[in-house]
Amino acid sequence: MTSGSETPVRVGVFGLLGSGNLGNDGSLEAVLGYLRAEHPEAVVDALCGGPEVVAARYGIPATRLHWYRGEYRTASRAGAIAGKGLGKLVDAFRTAAWVRKHDVVIVPGMGVLEATLPLRPWGFPYSLFLLCASGRLLRTRVALVGVGAAAIGNRPTRALVRWSARLAAYRSYRDTQSRDAMREMGVDTARDEVYPDLAFALPTPPVGSPSGTVCVGVMDFHGGDDDRARAEEIHRRYLDGTTRFVRTLVEDGRPVRLLTGDACDAPVAAAILEAVDSPLVTAAATASLADLMKEAAAADTVVATRYHNLICSLKTSTPTLALSYAAKSDALMNRMGLGDAYCHPAREVDADRLLEQFRALERRSAELRRTLAERNLAVAQQLAHQFADLTTSLFPTADHARAPQEAP
């Protein structure tokens, strides 16, 4: 730790934070908890998508990620196209100026090295490249902490992601397949470690009493970056299958709570509410991963699509079935001991097959709760190692006397 006479370490956090995605914000919250516990002298601020939300919710100064306010709107008119183009140039200088002010910049979790959802290269991949290139040029350590990665087909996106990873001073991943994907893309991962997702470091709420409630986490799912040509077909099939599943639960007298994980998911929940039209189906108002965990802890079972909805239910040791849209969901379920038997493809939702898997899950409920409780203990120890590794790598003058115990 720095003494009173030394300059406090200046730490920046970077990403699509405060923009409505609860998983991204949960990763930020976990890193802020680590910094406040282990490096309370650090001066922290953010360069992010939703600076007003981050400043109000987490009490740190925050700057808007993009100069052009219409960055995420489709540009069809000449003025908007010109504004976006100018914004890319301005952002290069803005990002470098922000990076220069810091000793360390942390990118907290998130799938920043993947394109499992639709993604344009000149959006966030370009922003991440500007960050990592600025860090290398200005000698500010940039850390990609517990991030997700996947093989990328689009060449410009792949190049930007590969160079971002190469230019970062520190990398760790949330699963083995992420590290393998970066190795396949030409990044030297020999010194990179794999740890559980940062959201597992958040506090766990108490588990509720059995209520019969089933939480169904829904998503505005249109396939991945390579599925643009049939995105609407994928979305229709996902929505129809999920709606049929919820309707069957209601016919069995089961209360259903619809969960979302991003602001864009609300119309999907609304469509299911309207289609099923039953007082047994309600939509939860969730503003954080803590809210999602409380919902999951109060449920008997969870069926969810979004990756961080799965994390919230698994962390509360609630039996969980994944509507899996990417390999990262399957890897998470395997890490937590549930395996492929409780994964169902989000692209091809078959309500009858999903119901069979759900009933098999409920028959093993007590056993699976014990398995999840054991896995959560191991995950907590592994994350203690992640934060100790981060301190050693990014804060070399800190007091390292408190070494974590070996994980089992």
# chains A, B, ... in the order shown; residues from 1 in each chain; ligands from 1

call {"tool": "select_by_dssp", "arguments": {"residues": "range 111-168 of chain A", "states": "strand (DSSP E or B)", "output": "list in words"}}
result
Leu113, Arg141, Val142, Ala143, Leu144, Val145, Gly146, Val147 and Ala149 of chain A

call {"tool": "residues_around", "arguments": {"residues": "Arg364 in chain A", "least_positions_apart": "3", "cutoff": "12 Å", "atoms": "only C-alpha atoms", "output": "PyMOL selection string"}}
result
chain A and resi 300-301+318-320+338+341-342+357-361+367-371

call {"tool": "write_last_selection", "arguments": {"atoms": "C-alpha atoms", "output": "PDB file, in the first residue's frame"}}
result
ATOM      1  CA  ASP A 300     -37.261 -23.541  -6.937  1.00  0.00           C
ATOM      2  CA  THR A 301     -35.702 -23.715 -10.421  1.00  0.00           C
ATOM      3  CA  THR A 318     -30.533 -22.975  -7.508  1.00  0.00           C
ATOM      4  CA  PRO A 319     -31.008 -25.891  -9.960  1.00  0.00           C
ATOM      5  CA  THR A 320     -30.580 -24.328 -13.390  1.00  0.00           C
ATOM      6  CA  LEU A 338     -24.538 -29.614 -14.247  1.00  0.00           C
ATOM      7  CA  ALA A 341     -27.854 -32.733 -19.692  1.00  0.00           C
ATOM      8  CA  TYR A 342     -29.209 -29.374 -18.592  1.00  0.00           C
ATOM      9  CA  GLN A 357     -35.091 -31.627 -19.342  1.00  0.00           C
ATOM     10  CA  PHE A 358     -36.796 -29.336 -16.845  1.00  0.00           C
ATOM     11  CA  ARG A 359     -38.643 -32.196 -15.152  1.00  0.00           C
ATOM     12  CA  ALA A 360     -35.436 -34.256 -15.005  1.00  0.00           C
ATOM     13  CA  LEU A 361     -33.715 -31.277 -13.381  1.00  0.00           C
ATOM     14  CA  GLU A 367     -28.698 -33.424  -5.160  1.00  0.00           C
ATOM     15  CA  LEU A 368     -27.915 -30.558  -7.553  1.00  0.00           C
ATOM     16  CA  ARG A 369     -28.204 -27.961  -4.811  1.00  0.00           C
ATOM     17  CA  ARG A 370     -25.508 -29.822  -2.868  1.00  0.00           C
ATOM     18  CA  THR A 371     -23.302 -30.048  -5.961  1.00  0.00           C
TER      19      THR A 371
END

call {"tool": "closest_atom_pairs", "arguments": {"of": "range 325-389 of chain A", "to": "range 171-185 of chain A", "cutoff": "9 Å", "atoms": "only C-alpha atoms", "output": "CSV"}}
result
residue,atom,partner,partner_atom,distance
A:Ala327,CA,A:Gln177,CA,8.2
A:Lys328,CA,A:Asp175,CA,7.5
A:Ala331,CA,A:Asp175,CA,7.1
A:Leu332,CA,A:Asp175,CA,7.7
A:Arg335,CA,A:Asp175,CA,8.8
A:Gln386,CA,A:Ser172,CA,8.4

call {"tool": "residues_around", "arguments": {"residues": "range 122-126 of chain A", "least_positions_apart": "6", "cutoff": "7 Å", "atoms": "only C-alpha atoms", "output": "VMD selection string"}}
result
chain A and resid 157 160 to 161

call {"tool": "select_by_dssp", "arguments": {"residues": "range 64-309 of chain A", "states": "alpha helix (DSSP H)", "output": "count of residues only"}}
result
104

call {"tool": "closest_residue", "arguments": {"among": "A:Asp389, A:Leu280, A:Ala263, A:Ala62", "to": "Arg191 in chain A", "atoms": "only C-alpha atoms"}}
result
A:Asp389

call {"tool": "closest_residue", "arguments": {"among": "A:Ala271, A:Leu314, A:Leu86, A:Val256", "to": "Asn334 in chain A", "atoms": "only C-alpha atoms"}}
result
A:Leu314

call {"tool": "atom_distance", "arguments": {"atom1": "CA of His235 in chain A", "atom2": "CA of His222 in chain A"}}
result
4.7 Å

call {"tool": "atom_distance", "arguments": {"atom1": "CA of Arg36 in chain A", "atom2": "CA of Ala149 in chain A"}}
result
27.4 Å

call {"tool": "closest_atom_pairs", "arguments": {"of": "range 235-338 of chain A", "to": "range 19-25 of chain A", "cutoff": "6 Å", "atoms": "only C-alpha atoms", "output": "Markdown table"}}
result
| residue | atom | partner | partner_atom | distance |
| --- | --- | --- | --- | --- |
| A:Gly261 | CA | A:Leu22 | CA | 5.4 |
| A:Asp262 | CA | A:Asn21 | CA | 4.4 |
| A:Ala263 | CA | A:Gly20 | CA | 5.3 |
| A:Ser288 | CA | A:Leu22 | CA | 5.4 |
| A:Leu289 | CA | A:Leu22 | CA | 5.9 |
| A:His308 | CA | A:Gly23 | CA | 5.3 |

call {"tool": "atom_distance", "arguments": {"atom1": "CA of Thr213 in chain A", "atom2": "CA of Val379 in chain A"}}
result
26.8 Å

call {"tool": "residues_around", "arguments": {"residues": "range 98-111 of chain A", "least_positions_apart": "2", "cutoff": "6 Å", "atoms": "only C-alpha atoms", "output": "PyMOL selection string"}}
result
chain A and resi 10-14+24+27-28+95-96+113-114+140-148

call {"tool": "write_last_selection", "arguments": {"atoms": "N, CA and C atoms", "output": "PDB file, in the first residue's frame"}}
result
ATOM      1  N   ARG A  10      -3.440   5.562  -9.686  1.00  0.00           N
ATOM      2  CA  ARG A  10      -4.591   6.022 -10.454  1.00  0.00           C
ATOM      3  C   ARG A  10      -5.094   4.865 -11.318  1.00  0.00           C
ATOM      4  N   VAL A  11      -6.327   4.430 -11.081  1.00  0.00           N
ATOM      5  CA  VAL A  11      -6.892   3.257 -11.742  1.00  0.00           C
ATOM      6  C   VAL A  11      -8.108   3.671 -12.564  1.00  0.00           C
ATOM      7  N   GLY A  12      -8.121   3.306 -13.828  1.00  0.00           N
ATOM      8  CA  GLY A  12      -9.291   3.506 -14.668  1.00  0.00           C
ATOM      9  C   GLY A  12      -9.992   2.195 -14.932  1.00  0.00           C
ATOM     10  N   VAL A  13     -11.305   2.234 -15.051  1.00  0.00           N
ATOM     11  CA  VAL A  13     -12.072   1.062 -15.479  1.00  0.00           C
ATOM     12  C   VAL A  13     -12.750   1.418 -16.798  1.00  0.00           C
ATOM     13  N   PHE A  14     -12.836   0.454 -17.699  1.00  0.00           N
ATOM     14  CA  PHE A  14     -13.211   0.732 -19.077  1.00  0.00           C
ATOM     15  C   PHE A  14     -14.182  -0.313 -19.589  1.00  0.00           C
ATOM     16  N   ASN A  24     -22.383  -6.832 -17.353  1.00  0.00           N
ATOM     17  CA  ASN A  24     -21.232  -5.933 -17.423  1.00  0.00           C
ATOM     18  C   ASN A  24     -21.080  -5.134 -16.133  1.00  0.00           C
ATOM     19  N   SER A  27     -19.726  -7.216 -13.246  1.00  0.00           N
ATOM     20  CA  SER A  27     -18.268  -7.387 -13.302  1.00  0.00           C
ATOM     21  C   SER A  27     -17.563  -6.153 -12.764  1.00  0.00           C
ATOM     22  N   LEU A  28     -18.063  -4.968 -13.126  1.00  0.00           N
ATOM     23  CA  LEU A  28     -17.503  -3.727 -12.583  1.00  0.00           C
ATOM     24  C   LEU A  28     -17.625  -3.697 -11.069  1.00  0.00           C
ATOM     25  N   THR A  95      -9.421   8.866 -26.055  1.00  0.00           N
ATOM     26  CA  THR A  95      -9.015   7.655 -25.338  1.00  0.00           C
ATOM     27  C   THR A  95      -7.579   7.772 -24.855  1.00  0.00           C
ATOM     28  N   ALA A  96      -6.686   8.240 -25.736  1.00  0.00           N
ATOM     29  CA  ALA A  96      -5.283   8.383 -25.346  1.00  0.00           C
ATOM     30  C   ALA A  96      -5.126   9.385 -24.200  1.00  0.00           C
ATOM     31  N   LEU A 113     -13.670 -10.014 -25.973  1.00  0.00           N
ATOM     32  CA  LEU A 113     -12.867 -10.623 -27.027  1.00  0.00           C
ATOM     33  C   LEU A 113     -13.669 -11.665 -27.798  1.00  0.00           C
ATOM     34  N   GLU A 114     -14.975 -11.458 -27.866  1.00  0.00           N
ATOM     35  CA  GLU A 114     -15.826 -12.411 -28.576  1.00  0.00           C
ATOM     36  C   GLU A 114     -16.839 -11.656 -29.435  1.00  0.00           C
ATOM     37  N   THR A 140       0.967   2.804 -19.839  1.00  0.00           N
ATOM     38  CA  THR A 140      -0.059   2.554 -18.825  1.00  0.00           C
ATOM     39  C   THR A 140      -0.461   1.087 -18.929  1.00  0.00           C
ATOM     40  N   ARG A 141      -0.426   0.372 -17.832  1.00  0.00           N
ATOM     41  CA  ARG A 141      -0.746  -1.054 -17.861  1.00  0.00           C
ATOM     42  C   ARG A 141      -2.246  -1.252 -18.065  1.00  0.00           C
ATOM     43  N   VAL A 142      -2.615  -1.955 -19.125  1.00  0.00           N
ATOM     44  CA  VAL A 142      -4.009  -2.285 -19.417  1.00  0.00           C
ATOM     45  C   VAL A 142      -4.224  -3.757 -19.098  1.00  0.00           C
ATOM     46  N   ALA A 143      -5.226  -4.048 -18.293  1.00  0.00           N
ATOM     47  CA  ALA A 143      -5.496  -5.415 -17.846  1.00  0.00           C
ATOM     48  C   ALA A 143      -6.870  -5.865 -18.312  1.00  0.00           C
ATOM     49  N   LEU A 144      -6.914  -6.952 -19.060  1.00  0.00           N
ATOM     50  CA  LEU A 144      -8.162  -7.597 -19.441  1.00  0.00           C
ATOM     51  C   LEU A 144      -8.407  -8.695 -18.409  1.00  0.00           C
ATOM     52  N   VAL A 145      -9.320  -8.457 -17.491  1.00  0.00           N
ATOM     53  CA  VAL A 145      -9.456  -9.294 -16.298  1.00  0.00           C
ATOM     54  C   VAL A 145     -10.698 -10.180 -16.384  1.00  0.00           C
ATOM     55  N   GLY A 146     -10.481 -11.484 -16.436  1.00  0.00           N
ATOM     56  CA  GLY A 146     -11.596 -12.429 -16.438  1.00  0.00           C
ATOM     57  C   GLY A 146     -12.518 -12.257 -17.630  1.00  0.00           C
ATOM     58  N   VAL A 147     -11.947 -11.991 -18.802  1.00  0.00           N
ATOM     59  CA  VAL A 147     -12.773 -11.689 -19.964  1.00  0.00           C
ATOM     60  C   VAL A 147     -13.167 -12.945 -20.715  1.00  0.00           C
ATOM     61  N   GLY A 148     -14.196 -12.807 -21.552  1.00  0.00           N
ATOM     62  CA  GLY A 148     -14.617 -13.886 -22.419  1.00  0.00           C
ATOM     63  C   GLY A 148     -14.072 -13.677 -23.817  1.00  0.00           C
TER      64      GLY A 148
END

call {"tool": "closest_residue", "arguments": {"among": "A:Ile272, A:Val218, A:Leu354, A:Ala201", "to": "Ala378 in chain A", "atoms": "only C-alpha atoms"}}
result
A:Ala201

call {"tool": "residues_around", "arguments": {"residues": "Asp291 in chain A", "least_positions_apart": "6", "cutoff": "10 Å", "atoms": "only C-alpha atoms", "output": "PDB file with C-alpha atoms, in the first residue's frame"}}
result
ATOM      1  CA  LEU A  22     -26.490  -6.083 -15.798  1.00  0.00           C
ATOM      2  CA  PRO A 205     -28.296 -13.506  -0.875  1.00  0.00           C
ATOM      3  CA  LEU A 259     -36.115 -12.240 -15.709  1.00  0.00           C
ATOM      4  CA  ALA A 284     -39.348  -9.037 -12.209  1.00  0.00           C
ATOM      5  CA  ALA A 285     -37.990  -5.491 -12.103  1.00  0.00           C
ATOM      6  CA  ALA A 297     -32.560 -17.513  -4.595  1.00  0.00           C
ATOM      7  CA  CYS A 312     -26.821 -15.553 -10.705  1.00  0.00           C
TER       8      CYS A 312
END
